[in-house]
>>> print(open('work.txt').read())   # compact mmCIF, C-alpha atoms and all ligand atoms
# COMPACT_ATOMS: atom_id res chain seq x y z
CA MET E 6 12.77 1.35 64.23
CA SER E 7 13.91 1.22 60.57
CA GLU E 8 16.71 3.55 59.56
CA GLU E 9 14.20 5.33 57.35
CA ARG E 10 11.74 6.01 60.22
CA GLY E 11 14.48 7.57 62.36
CA LEU E 12 15.56 9.84 59.53
CA LEU E 13 11.97 10.89 58.80
CA GLU E 14 11.54 11.92 62.44
CA ALA E 15 14.72 13.99 62.33
CA ALA E 16 13.59 15.61 59.06
CA GLU E 17 10.29 16.57 60.68
CA ARG E 18 12.20 18.19 63.53
CA TYR E 19 14.99 20.04 61.68
CA LEU E 20 13.97 21.00 58.14
CA THR E 21 11.92 24.06 57.21
CA ARG E 22 8.46 23.13 56.00
CA ASN E 23 8.62 24.44 52.45
CA TYR E 24 8.54 20.95 50.88
CA ARG E 25 6.00 18.15 51.10
CA PRO E 26 8.39 15.22 50.59
CA ALA E 27 7.20 11.63 50.22
CA PRO E 28 8.15 9.47 53.20
CA VAL E 29 11.10 7.84 51.43
CA VAL E 30 14.81 8.42 52.08
CA PHE E 31 17.06 7.49 49.18
CA ALA E 32 20.56 6.16 49.66
CA ARG E 33 21.93 5.20 46.24
CA GLY E 34 21.13 4.96 42.55
CA ARG E 35 22.31 3.44 39.30
CA GLY E 36 20.91 4.28 35.85
CA CYS E 37 17.13 4.56 36.32
CA GLU E 38 17.04 2.69 39.62
CA LEU E 39 17.13 4.05 43.17
CA TRP E 40 17.34 2.25 46.52
CA ASP E 41 16.11 3.67 49.81
CA VAL E 42 18.05 3.43 53.07
CA ASP E 43 16.19 0.21 53.93
CA GLY E 44 17.18 -1.37 50.60
CA ARG E 45 13.88 -1.11 48.70
CA ARG E 46 14.28 -0.64 44.94
CA TYR E 47 12.42 2.02 42.91
CA LEU E 48 12.23 2.70 39.18
CA ASP E 49 12.98 6.40 38.74
CA LEU E 50 10.99 7.96 35.89
CA CYS E 51 11.20 11.40 37.52
CA ALA E 52 15.00 11.82 37.49
CA GLY E 53 15.14 14.47 40.18
CA ILE E 54 12.53 16.52 38.24
CA ALA E 55 14.19 16.26 34.82
CA VAL E 56 17.72 16.63 36.17
CA CYS E 57 19.54 13.30 35.93
CA VAL E 58 19.66 13.10 32.12
CA VAL E 59 22.40 10.45 32.03
CA GLY E 60 20.89 8.48 34.92
CA HIS E 61 22.24 8.00 38.42
CA SER E 62 25.95 7.39 39.02
CA HIS E 63 26.85 7.17 35.35
CA PRO E 64 30.44 5.85 35.36
CA VAL E 65 31.76 8.56 33.03
CA VAL E 66 30.28 11.40 35.12
CA THR E 67 31.19 9.70 38.41
CA GLU E 68 34.78 9.29 37.28
CA ALA E 69 35.00 12.92 36.10
CA ILE E 70 33.61 14.24 39.41
CA ALA E 71 35.89 12.01 41.49
CA ARG E 72 38.97 12.91 39.46
CA GLN E 73 38.20 16.62 39.61
CA ALA E 74 37.42 16.49 43.35
CA GLY E 75 40.92 15.15 43.88
CA THR E 76 42.53 17.72 41.58
CA LEU E 77 40.92 21.13 42.15
CA VAL E 78 37.34 22.00 43.10
CA HIS E 79 37.15 25.78 43.16
CA VAL E 80 39.21 28.89 42.47
CA SER E 81 36.53 31.64 41.98
CA ASN E 82 36.01 33.82 38.97
CA LEU E 83 38.86 36.11 40.02
CA PHE E 84 40.85 33.63 37.91
CA HIS E 85 40.31 31.45 34.87
CA ASN E 86 39.77 27.73 35.00
CA PRO E 87 40.25 25.52 31.95
CA LEU E 88 37.04 23.51 32.31
CA GLN E 89 34.72 26.54 32.41
CA ILE E 90 36.36 27.82 29.22
CA GLU E 91 36.03 24.44 27.49
CA LEU E 92 32.39 24.11 28.59
CA ALA E 93 31.52 27.63 27.40
CA SER E 94 33.09 26.95 24.03
CA LYS E 95 31.19 23.66 23.60
CA LEU E 96 27.80 25.03 24.69
CA CYS E 97 28.09 28.23 22.64
CA SER E 98 29.21 26.45 19.48
CA ARG E 99 26.18 24.17 19.82
CA SER E 100 23.62 26.91 20.48
CA LEU E 101 23.63 30.67 19.83
CA GLY E 102 27.29 31.04 18.88
CA GLY E 103 27.75 33.87 21.37
CA ARG E 104 28.85 33.65 25.00
CA ALA E 105 28.04 31.85 28.26
CA PHE E 106 27.70 32.90 31.90
CA PHE E 107 27.60 30.18 34.58
CA CYS E 108 25.69 30.06 37.85
CA ASN E 109 24.17 27.36 40.04
CA SER E 110 20.45 26.90 39.40
CA GLY E 111 17.57 27.59 37.06
CA ALA E 112 16.24 30.56 39.00
CA GLU E 113 19.66 32.12 39.09
CA ALA E 114 20.07 31.58 35.35
CA ASN E 115 16.76 33.36 34.74
CA GLU E 116 17.84 36.23 37.00
CA ALA E 117 20.96 36.58 34.88
CA LEU E 118 18.93 36.42 31.68
CA LEU E 119 16.58 39.18 32.86
CA LYS E 120 19.48 41.33 34.03
CA ILE E 121 21.49 40.95 30.83
CA ALA E 122 18.40 41.71 28.72
CA ARG E 123 17.61 44.84 30.74
CA ARG E 124 21.18 46.07 30.68
CA THR E 125 21.55 45.40 26.96
CA MET E 126 18.48 47.51 26.27
CA GLN E 127 19.74 50.34 28.46
CA LYS E 128 23.42 50.37 27.66
CA VAL E 129 23.90 48.66 24.30
CA ARG E 130 20.75 49.56 22.38
CA GLY E 131 20.33 52.85 24.25
CA ARG E 132 16.62 52.22 24.94
CA PRO E 133 16.24 52.76 28.71
CA GLU E 134 12.46 53.16 28.36
CA ARG E 135 12.17 49.52 27.28
CA VAL E 136 11.79 48.06 30.75
CA GLU E 137 8.86 45.67 30.47
CA ILE E 138 9.06 41.90 30.34
CA VAL E 139 6.21 40.08 28.64
CA ALA E 140 5.83 36.67 30.29
CA MET E 141 3.33 33.82 30.10
CA LEU E 142 0.48 32.73 32.32
CA GLY E 143 1.12 29.20 33.58
CA SER E 144 4.88 29.69 33.40
CA PHE E 145 7.44 28.70 35.99
CA HIS E 146 10.85 30.36 36.13
CA GLY E 147 12.03 29.79 39.71
CA ARG E 148 11.68 31.03 43.27
CA THR E 149 13.92 34.07 43.58
CA ILE E 150 12.09 37.39 43.61
CA GLY E 151 13.05 38.21 40.00
CA ALA E 152 12.18 34.75 38.66
CA LEU E 153 8.97 34.73 40.69
CA SER E 154 8.02 38.10 39.23
CA VAL E 155 7.89 36.58 35.74
CA THR E 156 6.24 33.34 36.91
CA GLY E 157 2.60 33.44 35.85
CA GLN E 158 1.05 31.23 38.54
CA ALA E 159 -0.55 32.75 41.65
CA LYS E 160 0.19 29.74 43.87
CA TYR E 161 3.94 30.42 43.70
CA ARG E 162 3.62 34.20 44.17
CA ASP E 163 1.13 34.31 47.02
CA GLY E 164 2.51 35.97 50.15
CA PHE E 165 5.69 37.28 48.54
CA GLY E 166 4.49 40.55 47.05
CA PRO E 167 5.03 43.18 46.00
CA LEU E 168 7.05 41.58 43.25
CA TRP E 169 8.91 43.28 40.42
CA GLN E 170 6.30 45.40 38.65
CA PRO E 171 7.09 45.90 34.97
CA VAL E 172 5.81 42.50 33.85
CA LYS E 173 2.84 41.85 31.57
CA PHE E 174 1.36 38.35 31.44
CA VAL E 175 -0.36 36.86 28.41
CA PRO E 176 -1.89 33.40 27.95
CA TYR E 177 0.80 30.92 26.85
CA ALA E 178 1.36 30.83 23.09
CA ASP E 179 -1.54 33.24 22.46
CA LEU E 180 -0.20 35.18 19.49
CA GLY E 181 -3.04 37.71 19.45
CA ALA E 182 -2.49 38.59 23.10
CA LEU E 183 1.25 38.83 22.50
CA GLU E 184 0.74 41.17 19.55
CA ALA E 185 -1.29 43.41 21.82
CA ALA E 186 1.15 43.20 24.75
CA VAL E 187 4.49 43.80 23.03
CA SER E 188 5.04 47.54 22.71
CA ASP E 189 7.85 50.07 22.43
CA ARG E 190 8.26 49.67 26.20
CA THR E 191 8.97 45.93 25.90
CA CYS E 192 12.47 44.82 26.76
CA ALA E 193 11.92 41.09 26.19
CA VAL E 194 9.44 38.29 25.76
CA LEU E 195 10.27 35.36 28.05
CA LEU E 196 8.81 31.89 27.69
CA GLU E 197 9.45 28.18 28.02
CA PRO E 198 9.52 26.37 24.65
CA LEU E 199 7.16 23.87 26.31
CA GLN E 200 5.68 24.63 29.73
CA GLY E 201 6.93 22.08 32.25
CA GLU E 202 5.62 22.91 35.72
CA GLY E 203 2.55 24.46 34.08
CA GLY E 204 1.45 20.95 33.02
CA ILE E 205 3.54 19.83 30.01
CA VAL E 206 1.88 22.33 27.67
CA VAL E 207 3.16 22.14 24.09
CA PRO E 208 2.59 25.26 21.95
CA PRO E 209 0.97 24.78 18.51
CA PRO E 210 3.48 24.30 15.65
CA GLY E 211 4.85 27.60 14.36
CA THR E 212 4.32 29.47 17.65
CA LEU E 213 7.98 29.97 18.54
CA ARG E 214 8.73 31.17 15.03
CA ALA E 215 5.85 33.64 15.11
CA ILE E 216 7.07 34.96 18.47
CA ARG E 217 10.60 35.27 17.11
CA GLU E 218 9.31 37.31 14.18
CA LEU E 219 7.16 39.50 16.41
CA CYS E 220 10.10 40.23 18.70
CA THR E 221 12.39 41.08 15.79
CA ASN E 222 9.79 43.33 14.15
CA ARG E 223 9.01 45.19 17.38
CA GLY E 224 12.60 45.53 18.60
CA ALA E 225 12.12 43.29 21.64
CA LEU E 226 14.43 40.49 22.74
CA MET E 227 13.29 36.86 22.72
CA LEU E 228 14.38 34.87 25.77
CA LEU E 229 13.77 31.15 26.23
CA ASP E 230 13.78 29.31 29.54
CA GLU E 231 15.25 25.92 28.64
CA VAL E 232 15.90 24.95 32.25
CA GLN E 233 13.60 21.93 32.00
CA THR E 234 13.68 21.32 28.23
CA GLY E 235 17.42 21.67 27.62
CA MET E 236 20.22 19.08 27.57
CA GLY E 237 18.56 16.70 25.14
CA ARG E 238 15.33 16.07 27.03
CA THR E 239 12.93 16.98 24.25
CA GLY E 240 14.88 15.36 21.39
CA SER E 241 17.52 17.99 20.55
CA LEU E 242 20.19 19.53 22.76
CA PHE E 243 17.91 22.55 23.20
CA ALA E 244 14.20 22.46 22.37
CA TYR E 245 14.33 25.62 20.22
CA GLN E 246 16.63 23.86 17.76
CA ARG E 247 13.81 21.83 16.27
CA SER E 248 11.85 24.90 15.18
CA LEU E 249 14.13 27.95 15.36
CA ALA E 250 17.51 26.58 14.30
CA ASP E 251 17.93 29.23 11.60
CA ASP E 252 16.48 32.15 13.58
CA PRO E 253 17.30 31.46 17.23
CA PRO E 254 16.32 33.40 20.35
CA ASP E 255 18.56 36.17 21.73
CA GLY E 256 19.26 34.27 24.91
CA LEU E 257 18.35 31.15 26.83
CA SER E 258 18.70 29.77 30.31
CA VAL E 259 19.66 26.20 31.13
CA ALA E 260 20.18 24.30 34.40
CA LYS E 261 18.66 21.01 35.67
CA GLY E 262 20.37 18.46 33.36
CA LEU E 263 23.38 20.64 32.61
CA ALA E 264 25.82 18.94 34.97
CA GLY E 265 23.95 15.65 35.35
CA GLY E 266 22.83 16.39 38.93
CA VAL E 267 25.65 18.59 40.19
CA PRO E 268 24.15 22.07 40.74
CA MET E 269 24.85 24.28 37.73
CA GLY E 270 22.98 26.83 35.65
CA ALA E 271 23.97 28.94 32.68
CA ILE E 272 22.79 31.51 30.21
CA LEU E 273 23.77 31.26 26.58
CA VAL E 274 23.41 34.55 24.74
CA THR E 275 24.19 36.18 21.39
CA GLU E 276 27.21 38.45 21.02
CA GLU E 277 24.91 41.48 21.20
CA LEU E 278 23.34 40.39 24.49
CA ALA E 279 26.72 39.45 25.89
CA ARG E 280 27.73 43.09 25.61
CA GLY E 281 25.11 43.86 28.29
CA PHE E 282 27.48 42.46 30.93
CA GLU E 283 30.69 44.35 31.57
CA PRO E 284 33.20 43.61 34.34
CA GLY E 285 31.56 44.05 37.73
CA THR E 286 27.95 44.06 36.49
CA HIS E 287 27.07 40.48 37.42
CA ALA E 288 28.73 37.53 39.17
CA SER E 289 28.35 34.22 40.95
CA THR E 290 30.94 32.97 43.44
CA PHE E 291 30.54 29.31 42.55
CA GLY E 292 29.46 29.81 38.91
CA GLY E 293 31.34 27.55 36.50
CA ASN E 294 33.70 26.15 39.11
CA LEU E 295 35.90 23.21 38.20
CA LEU E 296 33.81 20.51 39.86
CA ALA E 297 30.53 21.56 38.23
CA SER E 298 32.23 22.19 34.88
CA ALA E 299 33.86 18.74 34.94
CA ALA E 300 30.47 17.17 35.63
CA ALA E 301 28.85 19.16 32.81
CA LEU E 302 31.58 18.26 30.29
CA ALA E 303 31.22 14.59 31.19
CA THR E 304 27.41 14.84 30.92
CA LEU E 305 27.72 16.39 27.46
CA GLU E 306 30.15 13.66 26.44
CA VAL E 307 27.68 10.96 27.51
CA ILE E 308 24.79 12.73 25.76
CA ASP E 309 26.81 12.61 22.52
CA ARG E 310 28.39 9.21 22.92
CA GLU E 311 25.11 7.48 23.79
CA ARG E 312 23.13 9.57 21.29
CA LEU E 313 20.72 10.61 24.02
CA CYS E 314 19.01 13.38 22.04
CA GLU E 315 17.94 10.93 19.35
CA ARG E 316 17.04 8.45 22.05
CA ALA E 317 14.85 11.00 23.83
CA GLY E 318 13.06 11.66 20.53
CA SER E 319 12.35 8.04 19.65
CA LEU E 320 11.65 6.71 23.16
CA GLY E 321 9.50 9.78 23.83
CA GLU E 322 7.35 8.95 20.80
CA ARG E 323 6.99 5.39 22.05
CA LEU E 324 6.07 6.62 25.53
CA ARG E 325 3.45 9.00 24.17
CA VAL E 326 1.85 6.21 22.15
CA ALA E 327 1.71 4.11 25.33
CA LEU E 328 0.15 6.99 27.27
CA GLU E 329 -2.36 7.59 24.47
CA GLY E 330 -3.21 3.91 24.92
CA LEU E 331 -4.06 4.61 28.57
CA VAL E 332 -6.32 7.48 27.45
CA ALA E 333 -8.08 5.15 24.98
CA GLU E 334 -8.49 2.49 27.69
CA ARG E 335 -9.84 4.83 30.38
CA PRO E 336 -11.13 8.07 28.84
CA ALA E 337 -13.03 8.94 32.02
CA VAL E 338 -9.78 8.84 34.01
CA ALA E 339 -7.05 10.09 31.64
CA VAL E 340 -8.07 12.68 29.07
CA ALA E 341 -4.92 13.39 27.01
CA ALA E 342 -1.26 12.56 26.53
CA ARG E 343 1.12 15.34 25.52
CA GLY E 344 4.77 16.29 25.52
CA GLU E 345 7.99 16.25 23.52
CA GLY E 346 10.77 13.69 23.75
CA LEU E 347 11.17 12.32 27.24
CA LEU E 348 9.09 15.05 28.84
CA GLN E 349 5.60 13.59 28.60
CA GLY E 350 2.44 14.13 30.57
CA LEU E 351 -0.79 12.22 31.07
CA VAL E 352 -3.58 14.72 31.74
CA MET E 353 -6.05 13.41 34.32
CA ASP E 354 -9.77 14.06 34.51
CA PRO E 355 -10.53 16.74 37.16
CA ALA E 356 -12.36 14.08 39.24
CA ILE E 357 -9.09 12.17 39.74
CA ASP E 358 -6.68 12.96 42.59
CA THR E 359 -3.44 13.27 40.59
CA PRO E 360 -1.03 13.57 43.55
CA ALA E 361 -2.63 10.42 44.96
CA VAL E 362 -2.09 8.65 41.62
CA VAL E 363 1.60 9.55 41.76
CA ALA E 364 1.76 8.42 45.41
CA ALA E 365 0.12 5.09 44.53
CA CYS E 366 2.68 4.53 41.75
CA ARG E 367 5.45 5.29 44.24
CA GLU E 368 4.04 2.75 46.68
CA LYS E 369 4.29 0.24 43.82
CA GLY E 370 7.92 1.24 43.26
CA VAL E 371 7.67 3.73 40.35
CA LEU E 372 8.63 7.39 40.72
CA LEU E 373 6.72 9.99 38.68
CA SER E 374 5.78 13.59 39.49
CA VAL E 375 2.81 15.96 39.22
CA ALA E 376 2.88 18.96 36.88
CA GLY E 377 0.22 21.64 36.65
CA GLY E 378 -1.89 20.02 39.38
CA ASN E 379 -3.56 17.41 37.16
CA VAL E 380 -0.83 15.99 34.93
CA VAL E 381 1.24 12.89 35.67
CA ARG E 382 4.72 13.78 34.43
CA PHE E 383 7.28 11.37 32.99
CA SER E 384 10.76 12.93 32.92
CA PRO E 385 13.00 9.85 33.10
CA PRO E 386 16.75 9.73 32.63
CA LEU E 387 17.43 9.77 28.88
CA VAL E 388 19.24 6.43 29.28
CA VAL E 389 15.93 4.76 30.23
CA THR E 390 15.24 1.48 28.40
CA GLU E 391 12.07 0.43 26.60
CA ALA E 392 11.55 -2.24 29.27
CA GLU E 393 11.79 0.35 32.05
CA LEU E 394 9.28 2.64 30.35
CA ASP E 395 6.94 -0.35 29.88
CA GLU E 396 7.32 -1.20 33.56
CA GLY E 397 6.39 2.37 34.53
CA VAL E 398 3.40 2.55 32.18
CA GLY E 399 2.29 -0.89 33.44
CA VAL E 400 2.27 0.29 37.06
CA LEU E 401 0.40 3.47 36.11
CA ARG E 402 -2.14 1.32 34.23
CA GLN E 403 -2.72 -0.75 37.40
CA VAL E 404 -3.25 2.39 39.48
CA LEU E 405 -5.65 3.88 36.93
CA ALA E 406 -7.78 0.71 37.07
CA SER E 407 -9.14 1.91 40.43
CA PRO E 408 -7.95 5.52 40.58
CA PRO E 409 -7.99 7.70 43.69
CA ARG E 410 -10.63 10.40 43.34
CA VAL E 411 -10.75 13.91 44.76
C1 LIG O 501 11.35 26.04 33.30
C2 LIG O 501 11.98 26.19 34.64
N1 LIG O 501 12.66 27.32 34.93
C3 LIG O 501 13.25 27.51 36.11
C4 LIG O 501 13.18 26.56 37.10
C5 LIG O 501 13.84 26.82 38.43
O1 LIG O 501 14.99 26.06 38.53
P1 LIG O 501 15.73 25.92 39.96
O2 LIG O 501 14.81 25.15 40.85
O3 LIG O 501 17.00 25.19 39.63
O4 LIG O 501 15.98 27.29 40.46
C6 LIG O 501 12.49 25.37 36.84
C7 LIG O 501 12.37 24.33 37.90
O5 LIG O 501 11.53 23.48 37.87
C8 LIG O 501 11.87 25.19 35.59
O6 LIG O 501 11.19 24.08 35.31
>>> encode(input="work.txt", output="structure tokens", more="lines below")
Ligand SMILES: Cc1ncc(COP(=O)(O)O)c(C=O)c1O
Amino acid sequence: MSEERGLLEAAERYLTRNYRPAPVVFARGRGCELWDVDGRRYLDLCAGIAVCVVGHSHPVVTEAIARQAGTLVHVSNLFHNPLQIELASKLCSRSLGGRAFFCNSGAEANEALLKIARRTMQKVRGRPERVEIVAMLGSFHGRTIGALSVTGQAKYRDGFGPLWQPVKFVPYADLGALEAAVSDRTCAVLLEPLQGEGGIVVPPPGTLRAIRELCTNRGALMLLDEVQTGMGRTGSLFAYQRSLADDPPDGLSVAKGLAGGVPMGAILVTEELARGFEPGTHASTFGGNLLASAAALATLEVIDRERLCERAGSLGERLRVALEGLVAERPAVAVAARGEGLLQGLVMDPAIDTPAVVAACREKGVLLSVAGGNVVRFSPPLVVTEAELDEGVGVLRQVLASPPRV
């Protein structure tokens, strides 16, 4: 029996059944390549679902983690640690200028964002009646009860109700519906600058700005979930910076790429929103510990040193052109290419079995993922090369030549 087979049997026996993992067990990685426990090589254009922005085992991040592991891993937030302070200062000065709170995942960051928005309305602005969150259909914000309550997709919510009630959903980027939904009971509007899990849905130009203006005019807060889009993926450190640099949101959440694969989440908020948290009002035992902060600082250093934001922008353009080529070649199979930077999707015709397309690519050694049910998602490490992207598109082209159908 191969090592992989034995592990798969043990997984079947011992793990809860909330995932549907592919029958592959990975052992090591380097850059955009992964090897399974039996030594087979894969090209990773999924990057742990948009997490590994600097690739696998980047020497700068590896060295920082190893050094920190041998120095000091954790002290708790009963005390200061120098790396959390340095990271907060770097992230704030490159985003909203205010303050940062650290946690361990995207869902947890969104929980913190909702809590700080609510508490700011109640205690800072003195508007306790403003309790509602306006969120988007098709959104994904995570699996905790709070994050699920603002996630506008039934398949994630089913069986977990009743969820948090004061949430109104509107179609994504529908300004008319938003105008109607935002009222003097609205605490905040929460959205992704580009919907990731919803199927790589890019809002029309000007949408974020119009939402910002609406929120300002109606006295509501604007919150962005940059868990998937942040850390350079879409061509700037945070996606909002390409359209809202001069009139930013009140707060944003970030996770996934933040510490290059080490679990870490954060919220970055304005000074006003920061006043919503006072001592004792929110916490996370592990949040911002030395190990995760060291990994995040090293990740940020690599993003800057290797100019990964610019790289995501230019390589993303090139990838989209290649995907548009696939649409032109097989319009009955692939109907559209869309995305920003290195978060790109190929939208499949409803007759095509998209998970089976992704599985067929994996069998040929290329890792991609499914978003929104019918979109093949490319979210490679931002260090990916042109040759690696061409290899991935080439394999997808082969699969689409005789595509699995539903
Ligand atoms: C936009 C967005 N928000 C939140 C999350 C949840 O993040 P986590 O799985 O780290 O809790 C995700 C995960 O895919 C996401 O894409």
>>> closest_residue(input="work.txt", among="E:Gly103, E:Gly377, E:Gly164, E:Gly60", to="ligand LIG 501 (chain O)", atoms="only C-alpha atoms and all ligand atoms")
E:Gly377
>>> closest_atom_pairs(input="work.txt", of="stretch 72-166 of chain E", to="stretch 272-290 of chain E", cutoff="7 Å", atoms="all atoms listed in the file", output="tab-separated table")
residue	atom	partner	partner_atom	distance
E:Ser81	CA	E:Thr290	CA	5.9
E:Asn82	CA	E:Thr290	CA	6.8
E:Cys97	CA	E:Leu273	CA	6.6
E:Leu101	CA	E:Thr275	CA	5.8
E:Gly102	CA	E:Thr275	CA	6.5
E:Gly103	CA	E:Thr275	CA	4.2
E:Arg104	CA	E:Val274	CA	5.5
E:Ala105	CA	E:Leu273	CA	4.6
E:Phe106	CA	E:Ile272	CA	5.4
E:Phe107	CA	E:Ile272	CA	6.6
E:Cys108	CA	E:Ser289	CA	5.8
E:Ala114	CA	E:Ile272	CA	5.8
E:Leu118	CA	E:Ile272	CA	6.4
E:Ile121	CA	E:Gly281	CA	5.3
E:Ala122	CA	E:Leu278	CA	6.6
E:Arg124	CA	E:Gly281	CA	5.1
E:Thr125	CA	E:Gly281	CA	4.1
E:Lys128	CA	E:Gly281	CA	6.8
E:Val129	CA	E:Gly281	CA	6.4
>>> residues_around(input="work.txt", residues="E:Arg148", least_positions_apart="5", cutoff="10 Å", atoms="all atoms listed in the file", output="MDAnalysis selection string")
chainID E and resid 111:113 153:154 156 161:162
>>> write_last_selection(input="work.txt", atoms="C-alpha atoms", output="PDB file, keeping the file's coordinate frame")
ATOM      1  CA  GLY E 111      17.570  27.590  37.060  1.00  0.00           C
ATOM      2  CA  ALA E 112      16.240  30.560  39.000  1.00  0.00           C
ATOM      3  CA  GLU E 113      19.660  32.120  39.090  1.00  0.00           C
ATOM      4  CA  LEU E 153       8.970  34.730  40.690  1.00  0.00           C
ATOM      5  CA  SER E 154       8.020  38.100  39.230  1.00  0.00           C
ATOM      6  CA  THR E 156       6.240  33.340  36.910  1.00  0.00           C
ATOM      7  CA  TYR E 161       3.940  30.420  43.700  1.00  0.00           C
ATOM      8  CA  ARG E 162       3.620  34.200  44.170  1.00  0.00           C
TER       9      ARG E 162
END
>>> axis_aligned_box(input="work.txt", around="stretch 378-397 of chain E", padding_each_side="4 Å", output="JSON")
{"center_x": 7.8, "center_y": 8.9, "center_z": 33.0, "size_x": 30.8, "size_y": 30.3, "size_z": 20.8}
>>> closest_residue(input="work.txt", among="E:Ala376, E:Val363, E:Cys220, E:Ala339", to="E:Ala193", atoms="all atoms listed in the file")
E:Cys220
>>> residues_around(input="work.txt", residues="stretch 32-35 of chain E", least_positions_apart="5", cutoff="8 Å", atoms="all atoms listed in the file", output="list in words")
Trp40, Asp41, Val42, Gly60, His61, Ser62 and His63 of chain E
>>> closest_atom_pairs(input="work.txt", of="chain E", to="ligand LIG 501 (chain O)", cutoff="7 Å", atoms="all atoms listed in the file", output="Markdown table")
| residue | atom | partner | partner_atom | distance |
| --- | --- | --- | --- | --- |
| E:Ser110 | CA | O:LIG501 | O3 | 3.9 |
| E:Gly111 | CA | O:LIG501 | O1 | 3.3 |
| E:Ala112 | CA | O:LIG501 | O4 | 3.6 |
| E:Glu113 | CA | O:LIG501 | O4 | 6.2 |
| E:Asn115 | CA | O:LIG501 | C3 | 7.0 |
| E:Phe145 | CA | O:LIG501 | C2 | 5.4 |
| E:His146 | CA | O:LIG501 | C3 | 3.7 |
| E:Gly147 | CA | O:LIG501 | C5 | 3.7 |
| E:Arg148 | CA | O:LIG501 | O4 | 6.4 |
| E:Glu197 | CA | O:LIG501 | C1 | 6.0 |
| E:Gln200 | CA | O:LIG501 | C1 | 6.8 |
| E:Gly201 | CA | O:LIG501 | O6 | 5.6 |
| E:Glu202 | CA | O:LIG501 | O6 | 5.7 |
| E:Asp230 | CA | O:LIG501 | C1 | 5.5 |
| E:Glu231 | CA | O:LIG501 | C1 | 6.1 |
| E:Val232 | CA | O:LIG501 | C2 | 4.8 |
| E:Gln233 | CA | O:LIG501 | O6 | 4.6 |
| E:Ala260 | CA | O:LIG501 | O3 | 6.2 |
| E:Lys261 | CA | O:LIG501 | O3 | 6.0 |
>>> decode(input="work.txt", residues="stretch 21-25 of chain E", atoms="all heavy atoms", output="short mmCIF file (atom, residue, chain, number, x, y, z; two decimals), in the first residue's frame")
data_model
loop_
_atom_site.label_atom_id
_atom_site.label_comp_id
_atom_site.auth_asym_id
_atom_site.auth_seq_id
_atom_site.Cartn_x
_atom_site.Cartn_y
_atom_site.Cartn_z
N THR E 21 -13.73 14.57 10.95
CA THR E 21 -15.15 14.86 10.73
C THR E 21 -15.37 15.04 9.24
O THR E 21 -14.44 15.35 8.48
CB THR E 21 -15.59 16.16 11.46
OG1 THR E 21 -14.75 17.23 11.02
CG2 THR E 21 -15.51 16.01 12.97
N ARG E 22 -16.64 14.92 8.82
CA ARG E 22 -16.89 14.86 7.37
C ARG E 22 -17.36 16.19 6.80
O ARG E 22 -18.22 16.23 5.93
CB ARG E 22 -17.90 13.76 7.10
CG ARG E 22 -17.34 12.38 7.41
CD ARG E 22 -18.16 11.31 6.75
NE ARG E 22 -17.45 10.04 6.77
CZ ARG E 22 -17.92 8.94 7.35
NH1 ARG E 22 -19.08 8.96 7.96
NH2 ARG E 22 -17.22 7.82 7.31
N ASN E 23 -16.79 17.28 7.30
CA ASN E 23 -17.24 18.58 6.80
C ASN E 23 -16.51 19.01 5.54
O ASN E 23 -16.89 19.98 4.91
CB ASN E 23 -17.08 19.65 7.90
CG ASN E 23 -15.70 19.67 8.50
OD1 ASN E 23 -15.16 18.63 8.85
ND2 ASN E 23 -15.11 20.83 8.60
N TYR E 24 -15.44 18.32 5.15
CA TYR E 24 -14.75 18.64 3.89
C TYR E 24 -14.98 17.52 2.89
O TYR E 24 -15.41 16.43 3.25
CB TYR E 24 -13.23 18.79 4.12
CG TYR E 24 -12.86 19.90 5.07
CD1 TYR E 24 -12.35 19.61 6.34
CD2 TYR E 24 -12.99 21.23 4.71
CE1 TYR E 24 -12.01 20.62 7.22
CE2 TYR E 24 -12.64 22.25 5.59
CZ TYR E 24 -12.15 21.94 6.84
OH TYR E 24 -11.82 22.94 7.70
N ARG E 25 -14.67 17.84 1.62
CA ARG E 25 -14.72 16.83 0.57
C ARG E 25 -13.35 16.83 -0.12
O ARG E 25 -13.22 17.19 -1.28
CB ARG E 25 -15.82 17.20 -0.43
CG ARG E 25 -16.42 16.02 -1.18
CD ARG E 25 -17.51 16.46 -2.13
NE ARG E 25 -18.70 16.98 -1.51
CZ ARG E 25 -19.12 18.25 -1.56
NH1 ARG E 25 -18.42 19.16 -2.20
NH2 ARG E 25 -20.23 18.61 -0.97
#
